[in-house]
Structure formats: structure tokens, C-alpha cells
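Text of the file upload_18.txt, holding compact mmCIF, C-alpha atoms and all ligand atoms:
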```
# COMPACT_ATOMS: atom_id res chain seq x y z
CA MET A 1 24.08 34.52 2.82
CA LYS A 2 26.07 31.66 1.34
CA LEU A 3 24.68 30.29 -1.88
CA LEU A 4 25.26 26.58 -1.79
CA THR A 5 24.55 23.98 -4.41
CA VAL A 6 22.44 21.02 -3.47
CA ASP A 7 23.11 17.40 -4.42
CA THR A 8 20.65 15.16 -6.20
CA ILE A 9 19.77 12.00 -4.34
CA GLU A 10 22.08 10.01 -6.65
CA GLU A 11 25.02 12.35 -6.02
CA ALA A 12 24.52 12.20 -2.27
CA ARG A 13 24.21 8.41 -2.32
CA LYS A 14 27.37 8.08 -4.38
CA LYS A 15 29.32 10.23 -1.92
CA LEU A 16 27.96 8.33 1.07
CA LEU A 17 28.85 5.01 -0.47
CA GLU A 18 32.38 6.21 -1.25
CA GLN A 19 32.94 7.05 2.41
CA ALA A 20 31.22 3.93 3.69
CA LYS A 21 33.33 1.68 1.46
CA SER A 22 36.35 2.59 3.57
CA TRP A 23 34.71 0.96 6.57
CA PRO A 24 36.09 -2.48 7.29
CA HIS A 25 33.65 -5.19 6.32
CA ILE A 26 33.01 -6.67 9.72
CA THR A 27 31.10 -9.88 10.13
CA GLU A 28 30.39 -11.94 13.22
CA THR A 29 28.90 -15.28 14.15
CA ILE A 30 25.91 -15.16 16.44
CA PRO A 31 23.46 -17.70 17.89
CA LEU A 32 20.59 -18.56 15.55
CA GLY A 33 18.05 -17.57 18.20
CA LYS A 34 19.40 -14.03 18.21
CA SER A 35 19.78 -13.62 14.46
CA SER A 36 16.30 -12.47 13.47
CA GLY A 37 16.44 -9.35 11.28
CA ARG A 38 20.20 -9.66 10.69
CA ILE A 39 21.77 -10.06 7.23
CA LEU A 40 23.61 -13.23 6.25
CA ALA A 41 27.27 -12.57 5.52
CA GLU A 42 27.87 -15.88 3.70
CA ASP A 43 26.05 -18.21 1.35
CA ILE A 44 24.66 -21.13 3.31
CA ALA A 45 25.01 -24.56 1.71
CA SER A 46 23.12 -27.49 3.10
CA PRO A 47 25.57 -29.76 4.96
CA GLU A 48 23.25 -32.72 4.47
CA ASP A 49 20.21 -33.95 2.59
CA ILE A 50 16.95 -32.75 4.11
CA PRO A 51 15.12 -35.02 4.63
CA ASN A 52 17.80 -37.70 4.80
CA PHE A 53 15.26 -40.53 4.75
CA ARG A 54 12.05 -40.94 2.76
CA ARG A 55 9.27 -39.36 4.81
CA SER A 56 5.55 -39.63 4.49
CA ALA A 57 3.70 -36.36 3.92
CA VAL A 58 0.41 -37.81 5.20
CA ASP A 59 -1.06 -40.20 7.75
CA GLY A 60 -1.84 -43.33 5.79
CA TYR A 61 -0.55 -46.49 4.19
CA ALA A 62 2.73 -47.03 2.41
CA VAL A 63 2.09 -49.12 -0.68
CA ILE A 64 3.70 -50.32 -3.86
CA ALA A 65 1.91 -48.12 -6.39
CA ALA A 66 1.57 -50.93 -8.94
CA ASP A 67 -0.45 -52.92 -6.38
CA THR A 68 -3.17 -50.25 -6.35
CA ALA A 69 -3.73 -50.31 -10.13
CA GLY A 70 -7.44 -50.31 -10.86
CA ALA A 71 -8.50 -49.27 -7.36
CA GLY A 72 -11.02 -46.46 -7.01
CA GLU A 73 -13.72 -45.04 -4.76
CA ALA A 74 -16.07 -47.94 -5.44
CA ILE A 75 -13.58 -50.77 -6.05
CA PRO A 76 -10.88 -51.26 -3.45
CA VAL A 77 -7.81 -53.44 -3.66
CA PHE A 78 -7.00 -55.44 -0.54
CA LEU A 79 -3.42 -55.37 0.71
CA LYS A 80 -1.90 -57.40 3.51
CA PHE A 81 -1.13 -55.32 6.63
CA ALA A 82 2.61 -55.70 7.23
CA GLY A 83 2.92 -53.48 10.32
CA SER A 84 3.09 -49.89 11.60
CA VAL A 85 6.03 -47.51 11.49
CA GLU A 86 6.67 -45.47 14.62
CA MET A 87 7.57 -41.76 14.53
CA GLY A 88 11.27 -41.08 14.92
CA LYS A 89 12.16 -44.73 14.42
CA LEU A 90 13.57 -46.81 11.58
CA ALA A 91 10.83 -48.55 9.63
CA GLY A 92 12.52 -51.82 10.55
CA PHE A 93 10.88 -53.85 7.76
CA GLY A 94 10.36 -53.69 3.99
CA LEU A 95 7.26 -54.17 1.87
CA HIS A 96 6.72 -57.11 -0.40
CA PRO A 97 4.25 -57.09 -3.29
CA GLY A 98 0.67 -57.19 -2.02
CA GLU A 99 1.56 -55.58 1.32
CA CYS A 100 1.04 -52.20 2.94
CA ALA A 101 2.20 -50.56 6.18
CA TYR A 102 0.78 -47.79 8.32
CA VAL A 103 3.01 -44.67 8.38
CA PRO A 104 2.17 -41.46 10.26
CA THR A 105 2.94 -38.00 8.78
CA GLY A 106 6.71 -37.55 8.91
CA GLY A 107 7.34 -41.25 9.52
CA MET A 108 9.86 -43.32 7.58
CA ILE A 109 8.58 -45.06 4.48
CA PRO A 110 9.63 -48.75 4.44
CA ASP A 111 11.93 -50.00 1.68
CA GLY A 112 10.01 -51.38 -1.24
CA ALA A 113 7.11 -48.92 -0.88
CA ASP A 114 6.93 -46.13 -3.45
CA ALA A 115 3.71 -44.27 -2.61
CA MET A 116 1.46 -43.25 0.27
CA VAL A 117 -2.31 -43.51 0.35
CA MET A 118 -4.07 -41.18 2.75
CA VAL A 119 -5.91 -42.88 5.58
CA GLU A 120 -9.14 -41.28 4.24
CA TYR A 121 -8.87 -43.61 1.20
CA SER A 122 -8.49 -46.79 3.24
CA GLU A 123 -10.49 -49.09 5.47
CA PRO A 124 -9.00 -51.68 7.84
CA PHE A 125 -10.34 -55.23 7.71
CA ASP A 126 -8.77 -57.63 10.14
CA ARG A 127 -5.29 -58.38 8.65
CA GLU A 128 -6.05 -56.63 5.37
CA ILE A 129 -6.51 -53.02 4.41
CA ALA A 130 -8.90 -51.91 1.68
CA ILE A 131 -7.31 -49.21 -0.48
CA TYR A 132 -9.68 -46.98 -2.47
CA GLU A 133 -7.14 -45.11 -4.58
CA ASN A 134 -4.99 -45.79 -7.59
CA ALA A 135 -1.81 -44.29 -6.16
CA ALA A 136 0.84 -42.81 -8.44
CA VAL A 137 4.50 -43.52 -7.78
CA GLY A 138 5.86 -40.86 -5.40
CA ASN A 139 2.40 -39.93 -4.10
CA HIS A 140 2.81 -38.02 -0.76
CA VAL A 141 6.41 -39.17 -0.44
CA ALA A 142 9.05 -36.57 0.53
CA ARG A 143 12.16 -37.70 -1.34
CA ILE A 144 15.65 -37.67 0.15
CA GLY A 145 17.08 -34.18 -0.40
CA GLU A 146 13.76 -32.84 -1.67
CA ASP A 147 13.73 -29.93 0.83
CA ALA A 148 17.48 -29.26 0.62
CA GLN A 149 20.07 -31.19 -1.30
CA LYS A 150 23.44 -31.78 0.34
CA GLY A 151 25.90 -29.14 -0.94
CA SER A 152 23.28 -26.93 -2.58
CA ILE A 153 23.04 -23.25 -1.64
CA LEU A 154 19.89 -22.78 0.37
CA LEU A 155 20.35 -19.16 1.48
CA ARG A 156 22.35 -16.41 -0.19
CA ARG A 157 24.66 -13.86 1.41
CA GLY A 158 22.69 -10.62 1.79
CA THR A 159 19.50 -12.41 2.87
CA ARG A 160 17.63 -10.89 5.78
CA ILE A 161 16.91 -13.56 8.37
CA ARG A 162 13.16 -13.78 8.85
CA SER A 163 11.18 -16.54 10.56
CA GLN A 164 11.43 -18.80 7.50
CA GLU A 165 15.23 -18.41 7.24
CA THR A 166 15.49 -19.14 10.97
CA GLY A 167 13.49 -22.31 10.32
CA ALA A 168 15.66 -23.33 7.36
CA LEU A 169 18.86 -22.82 9.37
CA ALA A 170 17.40 -24.84 12.24
CA ALA A 171 16.55 -27.63 9.78
CA LEU A 172 20.16 -27.66 8.59
CA GLY A 173 21.49 -27.74 12.15
CA ILE A 174 23.22 -24.38 11.70
CA VAL A 175 22.91 -22.82 15.13
CA GLU A 176 25.75 -20.31 14.78
CA VAL A 177 25.05 -17.88 11.97
CA PRO A 178 27.52 -15.66 10.07
CA VAL A 179 26.02 -12.18 9.80
CA PHE A 180 27.18 -8.66 8.98
CA SER A 181 27.98 -6.66 12.10
CA THR A 182 25.58 -3.82 12.67
CA LEU A 183 26.89 -0.32 12.08
CA ARG A 184 27.01 1.84 15.20
CA LEU A 185 24.85 4.92 15.10
CA ALA A 186 24.22 7.76 17.54
CA ILE A 187 21.30 10.18 17.48
CA ILE A 188 21.50 13.72 18.76
CA SER A 189 18.37 15.85 18.57
CA THR A 190 18.51 19.58 18.95
CA GLY A 191 15.77 22.11 19.65
CA ASP A 192 15.10 24.56 22.50
CA GLU A 193 11.42 23.68 22.15
CA LEU A 194 11.79 19.92 22.65
CA VAL A 195 10.73 18.04 25.78
CA PRO A 196 10.93 14.27 26.29
CA PRO A 197 7.83 12.32 25.17
CA SER A 198 7.04 11.50 28.81
CA VAL A 199 6.70 15.19 29.71
CA GLN A 200 3.62 17.40 29.22
CA PRO A 201 4.88 20.24 27.00
CA ARG A 202 4.18 23.82 28.05
CA LEU A 203 2.69 26.08 25.39
CA GLY A 204 5.32 26.66 22.74
CA GLU A 205 7.08 23.41 23.48
CA ILE A 206 6.61 20.09 21.64
CA ARG A 207 7.48 16.51 22.43
CA ASP A 208 10.64 15.18 20.82
CA ILE A 209 9.50 12.81 18.08
CA ASN A 210 12.68 12.26 16.12
CA THR A 211 14.96 10.76 18.76
CA LEU A 212 12.77 7.70 19.23
CA ALA A 213 11.36 7.57 15.69
CA LEU A 214 14.81 7.70 14.07
CA ALA A 215 16.12 5.13 16.54
CA ALA A 216 13.25 2.83 15.58
CA LEU A 217 13.88 3.27 11.85
CA ALA A 218 17.64 2.91 12.27
CA GLY A 219 17.11 -0.30 14.25
CA GLU A 220 14.85 -1.70 11.52
CA SER A 221 17.48 -0.74 8.97
CA GLY A 222 20.24 -2.72 10.63
CA TYR A 223 22.01 -0.13 12.77
CA CYS A 224 22.90 -0.56 16.41
CA ILE A 225 21.92 2.56 18.36
CA THR A 226 24.73 3.25 20.77
CA GLY A 227 23.16 6.32 22.32
CA SER A 228 20.69 9.13 21.87
CA GLN A 229 20.25 12.49 23.52
CA THR A 230 18.28 15.68 23.15
CA LEU A 231 20.12 18.97 23.52
CA LYS A 232 19.38 22.69 23.46
CA ASP A 233 20.37 24.73 20.38
CA ASP A 234 23.80 25.53 21.78
CA GLU A 235 26.69 25.33 19.37
CA LYS A 236 29.30 24.40 21.97
CA LEU A 237 27.09 21.67 23.48
CA LEU A 238 26.28 20.24 20.08
CA GLU A 239 29.87 20.30 18.89
CA GLU A 240 31.03 18.51 22.02
CA ALA A 241 28.26 15.90 21.66
CA VAL A 242 29.13 15.30 17.99
CA ARG A 243 32.86 15.00 18.77
CA GLN A 244 32.14 12.48 21.52
CA ALA A 245 29.75 10.48 19.36
CA MET A 246 32.25 10.33 16.48
CA GLN A 247 34.68 8.42 18.70
CA LYS A 248 32.59 5.30 18.88
CA ASN A 249 30.14 5.37 15.97
CA ASP A 250 30.09 4.83 12.23
CA VAL A 251 27.21 7.25 11.73
CA VAL A 252 26.23 10.28 13.81
CA ILE A 253 22.79 11.73 13.17
CA LEU A 254 22.06 15.28 14.23
CA SER A 255 18.33 15.99 13.98
CA GLY A 256 17.18 19.61 13.70
CA GLY A 257 19.06 22.80 13.04
CA SER A 258 20.07 21.88 9.50
CA SER A 259 18.49 24.84 7.68
CA GLN A 260 19.47 28.48 7.57
CA GLY A 261 17.71 29.94 10.64
CA THR A 262 19.54 31.85 13.38
CA LYS A 263 19.30 28.82 15.68
CA ASP A 264 20.41 26.38 12.98
CA MET A 265 23.98 25.35 13.64
CA THR A 266 24.47 21.91 12.13
CA GLU A 267 26.65 23.15 9.30
CA GLN A 268 29.02 25.03 11.66
CA VAL A 269 29.04 22.20 14.17
CA PHE A 270 30.03 19.63 11.53
CA SER A 271 32.62 21.96 10.00
CA HIS A 272 34.29 22.45 13.39
CA ALA A 273 34.02 18.89 14.64
CA ALA A 274 34.98 16.99 11.49
CA LEU A 275 37.71 16.98 8.87
CA PRO A 276 37.34 17.29 5.87
CA GLY A 277 33.80 18.06 7.07
CA VAL A 278 30.67 18.80 5.09
CA PHE A 279 30.40 17.32 1.58
CA THR A 280 26.69 17.82 0.91
CA HIS A 281 25.05 21.14 1.78
CA GLY A 282 21.51 20.26 0.81
CA LEU A 283 19.50 17.71 -1.14
CA ALA A 284 17.39 18.20 -4.24
CA ILE A 285 14.53 16.27 -2.68
CA LYS A 286 11.15 17.06 -1.21
CA PRO A 287 10.73 16.80 1.69
CA GLY A 288 14.24 16.94 3.09
CA LYS A 289 16.08 19.72 1.29
CA PRO A 290 17.93 21.00 4.38
CA THR A 291 20.03 17.88 4.78
CA ILE A 292 23.73 18.18 5.53
CA LEU A 293 26.18 15.33 5.09
CA GLY A 294 29.76 15.24 6.23
CA TYR A 295 32.65 12.98 7.04
CA ASP A 296 35.41 12.80 9.58
CA GLU A 297 38.50 11.06 8.32
CA LYS A 298 40.21 10.50 11.64
CA THR A 299 37.34 8.61 13.23
CA ASN A 300 35.95 7.30 9.92
CA THR A 301 32.51 8.62 10.74
CA ILE A 302 29.69 9.80 8.49
CA LEU A 303 27.77 12.77 9.85
CA ALA A 304 24.20 13.52 8.84
CA GLY A 305 22.30 16.65 9.73
CA LEU A 306 18.63 15.88 9.16
CA PRO A 307 15.81 18.42 9.07
CA GLY A 308 13.84 18.61 12.33
CA HIS A 309 10.48 18.08 10.65
CA PRO A 310 9.77 14.46 11.52
CA VAL A 311 8.44 13.51 8.08
CA SER A 312 11.51 14.99 6.40
CA ALA A 313 13.86 13.38 8.91
CA LEU A 314 12.31 9.94 8.47
CA VAL A 315 12.11 10.16 4.67
CA VAL A 316 15.73 11.31 4.37
CA PHE A 317 16.95 8.61 6.74
CA ARG A 318 15.06 6.01 4.74
CA VAL A 319 16.27 7.06 1.30
CA LEU A 320 19.88 7.53 2.37
CA PHE A 321 20.72 5.43 5.40
CA SER A 322 18.34 2.48 5.09
CA TRP A 323 19.52 2.34 1.47
CA LEU A 324 23.17 2.47 2.58
CA THR A 325 23.01 -0.66 4.75
CA ARG A 326 21.38 -2.57 1.90
CA GLN A 327 24.20 -1.48 -0.40
CA LEU A 328 26.86 -2.60 2.05
CA THR A 329 25.32 -5.99 2.79
CA GLY A 330 23.92 -6.77 -0.64
CA GLU A 331 20.38 -7.04 0.71
CA LYS A 332 17.88 -6.64 -2.09
CA GLU A 333 15.75 -3.52 -2.36
CA PRO A 334 12.27 -3.92 -0.88
CA PHE A 335 9.51 -4.77 -3.35
CA SER A 336 7.35 -2.01 -4.72
CA ILE A 337 3.87 -2.64 -6.04
CA PRO A 338 2.09 -1.07 -9.01
CA ALA A 339 -0.95 1.10 -8.35
CA LYS A 340 -3.13 3.59 -10.16
CA LEU A 341 -2.97 7.13 -8.91
CA SER A 342 -6.25 8.50 -7.49
CA CYS A 343 -5.63 12.14 -8.47
CA ASN A 344 -3.08 14.47 -10.03
CA ILE A 345 -0.01 15.16 -7.93
CA ALA A 346 2.30 18.06 -8.71
CA GLY A 347 6.02 17.34 -8.65
CA SER A 348 8.61 19.92 -7.74
CA PRO A 349 10.85 20.41 -10.76
CA GLY A 350 14.49 20.14 -9.85
CA ARG A 351 13.72 18.08 -6.75
CA THR A 352 12.88 14.40 -6.43
CA THR A 353 9.56 14.20 -4.61
CA TYR A 354 8.81 11.46 -2.09
CA GLN A 355 5.04 11.48 -1.74
CA PRO A 356 3.42 9.35 0.98
CA VAL A 357 0.39 7.43 -0.30
CA ALA A 358 -2.29 5.21 1.18
CA LEU A 359 -3.33 2.11 -0.75
CA ARG A 360 -6.89 1.05 -1.40
CA HIS A 361 -8.05 -2.08 -3.19
CA LEU A 362 -10.40 -1.23 -6.02
CA ASP A 363 -11.70 -3.54 -8.77
CA GLY A 364 -8.81 -5.97 -8.53
CA GLU A 365 -6.03 -3.40 -8.43
CA TYR A 366 -4.53 -0.93 -6.01
CA LEU A 367 -5.42 2.72 -5.95
CA ALA A 368 -2.75 5.03 -4.50
CA GLU A 369 -4.14 8.04 -2.68
CA PRO A 370 -1.68 10.74 -1.70
CA VAL A 371 -1.60 11.65 1.97
CA PHE A 372 -0.91 15.35 1.98
CA GLY A 373 0.30 17.19 5.02
CA LYS A 374 2.98 19.61 6.02
CA SER A 375 6.22 17.80 6.71
CA GLY A 376 5.87 18.51 10.43
CA MET A 377 2.79 16.33 10.59
CA ILE A 378 3.62 12.81 11.61
CA SER A 379 0.07 11.70 10.65
CA THR A 380 1.21 12.06 7.02
CA LEU A 381 3.30 8.96 7.60
CA THR A 382 1.02 6.97 9.89
CA GLY A 383 -1.82 7.40 7.40
CA ALA A 384 0.29 6.15 4.49
CA ASP A 385 1.24 2.62 3.43
CA GLY A 386 4.28 3.74 1.48
CA TYR A 387 5.45 6.39 -0.91
CA ILE A 388 5.88 7.10 -4.58
CA VAL A 389 8.87 8.83 -6.12
CA ILE A 390 8.32 11.63 -8.63
CA ASP A 391 11.38 12.25 -10.75
CA LEU A 392 13.00 15.65 -10.49
CA ASN A 393 12.49 16.19 -14.22
CA LYS A 394 8.75 15.52 -14.03
CA GLU A 395 6.17 18.20 -13.47
CA GLY A 396 3.91 15.72 -11.79
CA VAL A 397 1.90 12.55 -12.19
CA ARG A 398 -1.65 12.34 -13.45
CA GLU A 399 -4.78 10.71 -12.11
CA GLY A 400 -5.02 7.15 -13.44
CA GLU A 401 -1.29 6.95 -14.18
CA SER A 402 0.45 3.76 -13.08
CA VAL A 403 2.94 4.33 -10.27
CA GLN A 404 5.20 2.10 -8.18
CA VAL A 405 4.46 2.25 -4.46
CA HIS A 406 7.40 1.57 -2.16
CA LEU A 407 5.98 0.07 0.99
CA TRP A 408 7.27 1.14 4.38
CA ILE A 409 9.26 -1.81 5.62
P1 LIG A 501 14.65 22.62 12.59
O1 LIG A 501 15.11 21.65 11.58
O2 LIG A 501 15.44 22.56 13.86
O3 LIG A 501 14.58 24.00 12.02
O4 LIG A 501 13.19 22.22 12.97
C1 LIG A 501 12.14 22.23 12.02
C2 LIG A 501 10.84 21.90 12.70
O5 LIG A 501 10.88 20.58 13.21
C3 LIG A 501 10.49 22.78 13.88
O6 LIG A 501 9.11 23.01 13.86
C4 LIG A 501 10.88 21.94 15.07
O7 LIG A 501 10.13 22.26 16.22
C5 LIG A 501 10.57 20.56 14.59
N1 LIG A 501 11.45 19.60 15.24
C6 LIG A 501 12.78 19.69 15.36
N2 LIG A 501 13.29 18.63 15.99
C7 LIG A 501 12.22 17.85 16.32
C8 LIG A 501 12.09 16.62 17.01
N3 LIG A 501 13.15 15.98 17.51
N4 LIG A 501 10.85 16.12 17.16
C9 LIG A 501 9.77 16.75 16.65
N5 LIG A 501 9.84 17.90 15.98
C10 LIG A 501 11.06 18.46 15.82
MG MG A 502 15.44 23.68 15.54
```
Any chance you could give the structure as C-alpha cells?
Amino acid sequence: MKLLTVDTIEEARKKLLEQAKSWPHITETIPLGKSSGRILAEDIASPEDIPNFRRSAVDGYAVIAADTAGAGEAIPVFLKFAGSVEMGKLAGFGLHPGECAYVPTGGMIPDGADAMVMVEYSEPFDREIAIYENAAVGNHVARIGEDAQKGSILLRRGTRIRSQETGALAALGIVEVPVFSTLRLAIISTGDELVPPSVQPRLGEIRDINTLALAALAGESGYCITGSQTLKDDEKLLEEAVRQAMQKNDVVILSGGSSQGTKDMTEQVFSHAALPGVFTHGLAIKPGKPTILGYDEKTNTILAGLPGHPVSALVVFRVLFSWLTRQLTGEKEPFSIPAKLSCNIAGSPGRTTYQPVALRHLDGEYLAEPVFGKSGMISTLTGADGYIVIDLNKEGVREGESVQVHLWI
């Protein structure tokens, strides 16, 4: 048996990044409506002031604040009604001292006015309006450029486009968005025992979890899945599939067959299909030790042999390949939240442990409860809200200790 050294997570990440840096930095411009979840490739400066006219933030009366001095709930001031502003239209008139004008929410505030009084603090009387509030200058007035100032950077390169970024870009009139191109990724699953999820497995068989689960995670992590297939544990078949996939992908994932069993062929397959081939023969992490990483220079492809256990496969993909896209696009790392540990958890010295935990709210703070389960059990992940990382030099973490919980994205 070959005795191979394993890489720490940092070593493996460094090697991956070195290979990935040789990929051309491809960006593209896509319609705003199709950009959700993509990562901005450029800083976005506001081409104009938003709003570019003074808007009312309430339904009510535009006033000159000084005219309302002394007004209150019991003592109104009476202002002359100068007219109503229509939505989407120029105000068309200005206010003189002693006057007010009706302005709906989002309507233009007439020149001369410097505050809004909510309709709730007013009462119409014939040609006069009673105002029951001493309005401060600027009250309920959205200033020109208050939302976005012309020329200021509103969104940074590396920002993931969520609903609020879509809204901001729409507000700026930016309907074509510069984003990083998605990396192309293929998934090949191997296992004589695997049947498609739509098929009732016979005894001894199981449904293929990883093909769809990895595709889902890869999609969330900014990869474009160009193809996926499930194959028998046949070295020739696998090698051919990997060779083919290398032609048109940046990353090829081979799920299953990465350990040392008689039917485990990932290492040989990668060594035959790729040059220079395997650069990581195992990872000092738990779960996920039997992970094989390689590279093919000619096609510029990273190869990853992930363990077949679904929990291991998903954890390894997350800590290596979800991390990799963030590194390449500059997207910030997801937030982690502090929690108190509910019980002692043993680490595994020499290996970084990724322990799934469920969160519970208790007395104003979060309690992290480990979800234990063999790495083949997908319920370990569905029952967890995230995971904690136990350093490879630590023997474990104690009940009551403060830990950072990384939430599943
Ligand atoms: P392997 O890495 O091929 O040795 O597989 C380890 C364990 O994971 C075995 O119990 C396999 O049956 C299981 N396994 C492998 N691939 C998959 C898959 N695609 N979906 C679900 N379980 C899998
Ligand atoms: Mg197998």
C-alpha cells in the first residue's frame, strides 16, 4: 500500500488557488433581470443623483418650516392652500410665506417649501389648512442625491446581486450588468450500487444523492453545471468520462471511489487522464479525508475526487470549491454567528473538524447543538443550520464555550 501524505485545508486551498489563478478572468454583461445570484465584476457608480428632485416621503402638506413655529396638537397654525402637486409631474408652482401645498408620497416638493407635515397632523378648512405640528426643516423631505449621489460608488465589485442590489441597479437605470462569468463544472458520480433518484432501489442499491446535491451546491456557489452523469465503477468508463469533461470545463468533480478500496479508482483515473495529475492525495479534515485533487495543464482543468459519502462530499465541496469562487471574484466570506456550545465535542487531532450544528435560541443567545451522524447520513446536514470548525491542533471544544457558527448559505 502506498503511504501518502495528506494536505491541510490551507495547503489544499493554496494549491487550488495557484491553479485557478491561471484561468483567464472572464467577465460578461448580462440583462439585469437575469443577474440574480451573480457577482458584480465592476464597481457601480451612480450615473445620476437619486432622487434628482426633492421628493416627499409622506402624504401631506409641503410647508415653510418657519411658518409652523409654535403649532402643536392643540394650537394649529393656518396656512393658505396654494394647490396640489400631482404624482410624476413638476410641482409647477412655488410656495410663498404663509402658504402650503398638498404633496402625495413621492411627489415633487414645490420650490420655497422646506418641510412636509403628514396629513394626520392637518385639517382642511375651505381655502386654509390647519397644521398641528411644529415642523423641522427637512422633515420628511428626501433630498436630491440622498439615496445615491451622482458619481458615488453604490455597489462594489465582488458583490453578490440579491433582490436589493437588483433594485438599486434598476433605480440607477443600469439594465445591463457586468458580472463574472460562471466557471464551468461537470459532475461524474461513480458507484455500482447507485440508481437514479426516480428509481426504486433493489436491496443493496441506493439512490444517487451526490449528483443532484453537488449540482445544487455548485449552482449556489456560482458554477455553471455543464453536465452530470452516473457511471459504474469501471476504470475505462470513468477515465473516458473525465477526459471528455476536461475538454469543456474548468472543474471536473468525480464523486465516489476516492478512498483505497478495490473499487476505488479515482486516483488512477486522474493520473491517467491528466498531466501533471494529482497534487493532493488526501485532506487532513473530518469528514472528507479521502479527497483527491489534480490538475490538467493542457485543458487547464482542476479535477476533484470527492468521497462518496454525501455529507463528506458536500462539506468538502463547500470548504474548497464554494470558497474558491469567492476568492476569484472577491465576494466576502459569509457571516458566522457566535453561539454557546451545548455539550463537549471531541476534535480529531491532526485533522480540521467540520461539525454540523443546529441552532437554538436560549436566553437571548444562540445555543449550538451538534448534529451527530455517520457521514453517509444526509439527515446530519438537513438537521443542521450550519457548522463549526474545530482546529486540527485542538482536542475538542467544551460545553459552554463560545464558537462561531458558519451558516449554510
Ligand atoms: P465511495 O467513496 O465510493 O467509497 O463511497 C462511500 C459511500 O458513499 C458508500 O457507502 C457509497 O454507497 C456512498 N455513495 C457513493 N456515491 C454516492 C452517491 N452519489 N450518492 C449517495 N451515496 C453515495
Ligand atoms: Mg464507491
- Given the choices A:Leu237, A:Ala20, A:Val357, A:Leu407, which gets closest to A:Glu297 if the distance is worked out from only C-alpha atoms?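 The answer is A:Ala20, which sits nearest to A:Glu297.
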- Item | For atom CA of A:Leu217 and atom CA of A:Arg184, the interatomic separation in Å (one decimal) | 13.6 Å
Once you count only C-alpha atoms and all ligand atoms, which residues end up within 6 Å of ligand LIG 501 (chain A), and could you hand them over as an mmCIF file with C-alpha atoms, keeping the file's coordinate frame?
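Once everything was written out, this is pocket-v6.cif:
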```cif
data_model
loop_
_atom_site.group_PDB
_atom_site.id
_atom_site.type_symbol
_atom_site.label_atom_id
_atom_site.label_comp_id
_atom_site.auth_asym_id
_atom_site.auth_seq_id
_atom_site.Cartn_x
_atom_site.Cartn_y
_atom_site.Cartn_z
ATOM 1 C CA SER A 189 18.370 15.850 18.570
ATOM 2 C CA GLY A 191 15.770 22.110 19.650
ATOM 3 C CA ASP A 208 10.640 15.180 20.820
ATOM 4 C CA ILE A 209 9.500 12.810 18.080
ATOM 5 C CA ASN A 210 12.680 12.260 16.120
ATOM 6 C CA THR A 211 14.960 10.760 18.760
ATOM 7 C CA GLY A 256 17.180 19.610 13.700
ATOM 8 C CA GLY A 257 19.060 22.800 13.040
ATOM 9 C CA SER A 258 20.070 21.880 9.500
ATOM 10 C CA SER A 259 18.490 24.840 7.680
ATOM 11 C CA PRO A 307 15.810 18.420 9.070
ATOM 12 C CA GLY A 308 13.840 18.610 12.330
ATOM 13 C CA HIS A 309 10.480 18.080 10.650
ATOM 14 C CA PRO A 310 9.770 14.460 11.520
#
```
- Message: Considering all atoms listed in the file, can you say which of A:Ser56, A:Thr105, A:Gln260, A:Thr29 comes closest to ligand MG 502 (chain A)?
- Response: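 Result for the nearest residue to ligand MG 502 (chain A): A:Gln260.
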- Near-A:Asp59 list (6 Å; all atoms listed in the file; drop same-chain fewer than 6 positions) as a ChimeraX atom specification: /A:104-105,118-119
- In the coordinate frame of the file, compute which residues have an atom within 10 Å of (12.6, 8.2, 1.9) when using only C-alpha atoms, and state them as a list in words. Ile285, Lys286, Pro287, Gly288, Val311, Ser312, Ala313, Leu314, Val315, Val316, Phe317, Arg318, Val319, Leu320, Phe321, Ser322, Trp323, Thr353, Tyr354, Gln355, Pro356, Gly386, Tyr387, Ile388, Val389, His406 and Trp408 of chain A
- Item | Atomic distance atom CA of A:Ser46 - atom CA of A:Val177, expressed in Å with one decimal |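 Between atom CA of A:Ser46 and atom CA of A:Val177 the gap is 13.2 Å.
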- Item | Distance query 12 Å from (27.9, 20.5, 9.2) using only C-alpha atoms, result as number ranges by chain | A: 235, 238-239, 242, 252-260, 264-282, 290-296, 302-306
- Message: Neighbouring residues of A:Val175 were defined as those with any atom within 7 Å, considering only C-alpha atoms; residues of the same chain fewer than 4 positions away were excluded. Please report them as a PyMOL selection string.
- Response: chain A and resi 31-32+170
- Task: Counting only C-alpha atoms and all ligand atoms, figure out which residue out of A:Glu165, A:Asp114, A:Asp192, A:Glu128 gets nearest to ligand MG 502 (chain A).
- Result: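 Using only C-alpha atoms and all ligand atoms, ligand MG 502 (chain A) sits closest to A:Asp192.
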- One decimal, Å: what's the distance from atom CA of A:Leu169 over to atom CA of A:Met116, could you say? 28.3 Å
- Task: Please identify all polymer residues within 9 Å of A:Gln149, counting only C-alpha atoms, omitting same-chain residues fewer than 2 positions from it, and present them as a ChimeraX atom specification.
- Result: /A:45-51,144-147,151-154
- Message: Can you pull out the residues contacting A:Gly37? Cut-off 7 Å, using only C-alpha atoms, and skip same-chain residues under 6 positions away; I want them as a VMD selection string.
- Response: chain A and resid 160 to 162
- Query: Which residue gives the smallest distance to A:Gln229 among A:Thr8, A:Thr190, A:Gln244, A:Ser379, with all atoms listed in the file counted?
  - Reply: A:Thr190
- Item | Long-range neighbours of stretch 324-339 of chain A as an NGL selection string, 8 Å cut-off, only C-alpha atoms, 5 positions minimum in chain | :A and (13 or 16-17 or 21 or 39 or 41 or 157-160 or 180 or 221-222 or 365-368 or 402-407 or 409)
